[in-house]
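Below is one structure; the comments refer to it alone.
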Amino acid sequence: MEFLVFGEDWQRHPSSTQHLFALFNQQHPVYWINSIGLRQPSLSSQDIIRVVEKIKAFKSLPVTKHKQLAQPTKTITPLVWPLPQNKLIKKINQQLLKHQLPIKQEFRVIWCSLPSAVDYLDICDGDIVVYYCGDDFSALAGVDHRKVEILEQQLVHRADVIFAASPSLQQKFPSEKTHLLPHGVDLDLFKPPALPTDADQIKTVGFYGSLNTWLDYDLIIKLAQQCPEITFHLVGKKECPASHTLIQQNIQLHPPCSHSELITHLAHWDCAIMPFVNNRQIQHCNPLKLREYLASARHIICSDFPAAQQYSSHITIASTPQQWLKALTSPSPITEQKITIRRKILSTESWLARQQQVTEQLQRFLV
């Protein structure tokens, strides 16, 4: 069995697809196709930078190998125009990518983590098509929602099997071929640091991830103002104008770091937070950081969304600024027993367990 994977840019940021295929490529050939995009580029400076990055990657590194993985994954950087509406451009895109694809050697699984992959299925010589839906693309920030919804409908029709990262996403698709596949966690990487000396007090708070439109900046600023004795650390790239309003003295912004370095930040926090706005995207999300936070020996405070409710007995869920303030100033004690219980629950939710779930479904097609 071999995999042809349409995902985001390899190692640009940690994703569930990358975690899964870091395991799959220890046993199977994996050909990773970098992101084709979910909207057409504009003339914004951010888009121009991304286009330049794509061209550089195409010219200098059409196929790269990554030492981090047990068996190197071939990474293909396609130079195609995202979401083309012109039939000629679409055809040119297909031919450009076709010449980069390897010749099929084994039973080939086409794994699509992005709806835009549907335009390229016919050139992939696949035996089965998998759609992995990790987000509600019709509500995702920075996406051409109308066009992506059409592509997703086409992909759902073509897919032999669908994996959804949350129950709410699962309900969107045909039940006869859709399976729930929540995110996992790397328990070896996210080992609990030592408990803080004052485990019943919160002096440092942290968040890591994209500083994007789904964060509640008004809430973060209000909490920082009302808790001047607490230092707030936010690790990630500024992706929206509101992120530039975080100028309080006790808010410290840190640049993005590699996934393996996140535990270093977590180890210095008393509390890890997810201060999200309440919108459709968040209601459907299942953040990777949720289980990574849980694997640590830290207080956890989250906004109210379905994925967090699953762990409501192990984290504090806050729906109002008052509830957030109370959770920060009067936290429930963290004990070794609580950490042990968390880790026991997560032992069945590792990335290896998720990979085994996928393998069980795919093996049905090999009979």
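A note on labels: chains of the structure tokens are A, B, ... as shown, every chain counts residues from 1, and ligands are counted from 1 in their shown order.
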Determine which residues of region 110-302 of chain A DSSP labels as helix (DSSP H, G or I) from the backbone of this structure, then write them out as an MDAnalysis selection string.
-> chainID A and resid 115:123 145:158 167:170 175:177 217:226 241:245 259:266 280:284 288:295
Might you pull out every residue within 12 Å of region 116-118 of chain A, with only C-alpha atoms counted and same-chain residues fewer than 2 positions away left off, and present them as a PyMOL selection string?
-> chain A and resi 4-8+33-40+78+80-84+90+93-94+97+110-114+120-124+129-132+137+143-145+147-159
So which residues touch Leu328 (chain A) within 12 Å, counting only C-alpha atoms, skipping near sequence neighbours fewer than 6 positions away, as a ChimeraX atom specification?
-> /A:200-206,220,223-224,226-232,270-273,299-302,316-318,321-322
DSSP strand (DSSP E or B) residues within region 172-278 of chain A, as a short mmCIF file (atom, residue, chain, number, x, y, z; two decimals) with C-alpha atoms, in the first residue's frame:
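File produced: out.cif:
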```cif
data_model
loop_
_atom_site.label_atom_id
_atom_site.label_comp_id
_atom_site.auth_asym_id
_atom_site.auth_seq_id
_atom_site.Cartn_x
_atom_site.Cartn_y
_atom_site.Cartn_z
CA THR A 178 -17.97 8.34 7.28
CA HIS A 179 -15.97 7.55 10.42
CA LEU A 180 -15.05 9.69 13.42
CA VAL A 185 -1.48 13.43 20.92
CA THR A 204 1.99 32.62 34.23
CA VAL A 205 -0.56 31.83 31.52
CA GLY A 206 0.15 30.66 27.99
CA PHE A 207 -1.32 29.93 24.58
CA TYR A 208 0.38 28.62 21.44
CA LEU A 211 -2.88 34.55 16.50
CA LEU A 215 -9.00 34.33 19.31
CA THR A 231 2.01 37.25 32.85
CA PHE A 232 0.32 36.14 29.62
CA HIS A 233 2.51 34.41 27.02
CA LEU A 234 1.24 33.98 23.45
CA VAL A 235 3.36 31.91 21.06
CA LYS A 238 0.30 37.37 14.09
CA ILE A 251 1.33 40.29 27.72
CA GLN A 252 4.42 38.81 26.09
CA LEU A 253 4.34 37.76 22.43
CA HIS A 254 6.71 35.07 21.19
CA CYS A 271 -1.91 27.51 33.11
CA ALA A 272 -2.59 26.84 29.41
CA ILE A 273 -5.56 28.58 27.80
CA MET A 274 -7.77 28.51 24.71
CA PHE A 276 -11.70 31.40 21.48
#
```
Report the distance between CA of Val30 (chain A) and CA of Gly142 (chain A) in Å, rounded to one decimal place.
->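 Straight-line distance from CA of Val30 (chain A) to CA of Gly142 (chain A) works out to 28.1 Å.
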Interatomic distance (Å, one decimal) between CA of Ile162 (chain A) and CA of Ile282 (chain A) |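 Computed distance, CA of Ile162 (chain A) to CA of Ile282 (chain A), equals 20.9 Å.
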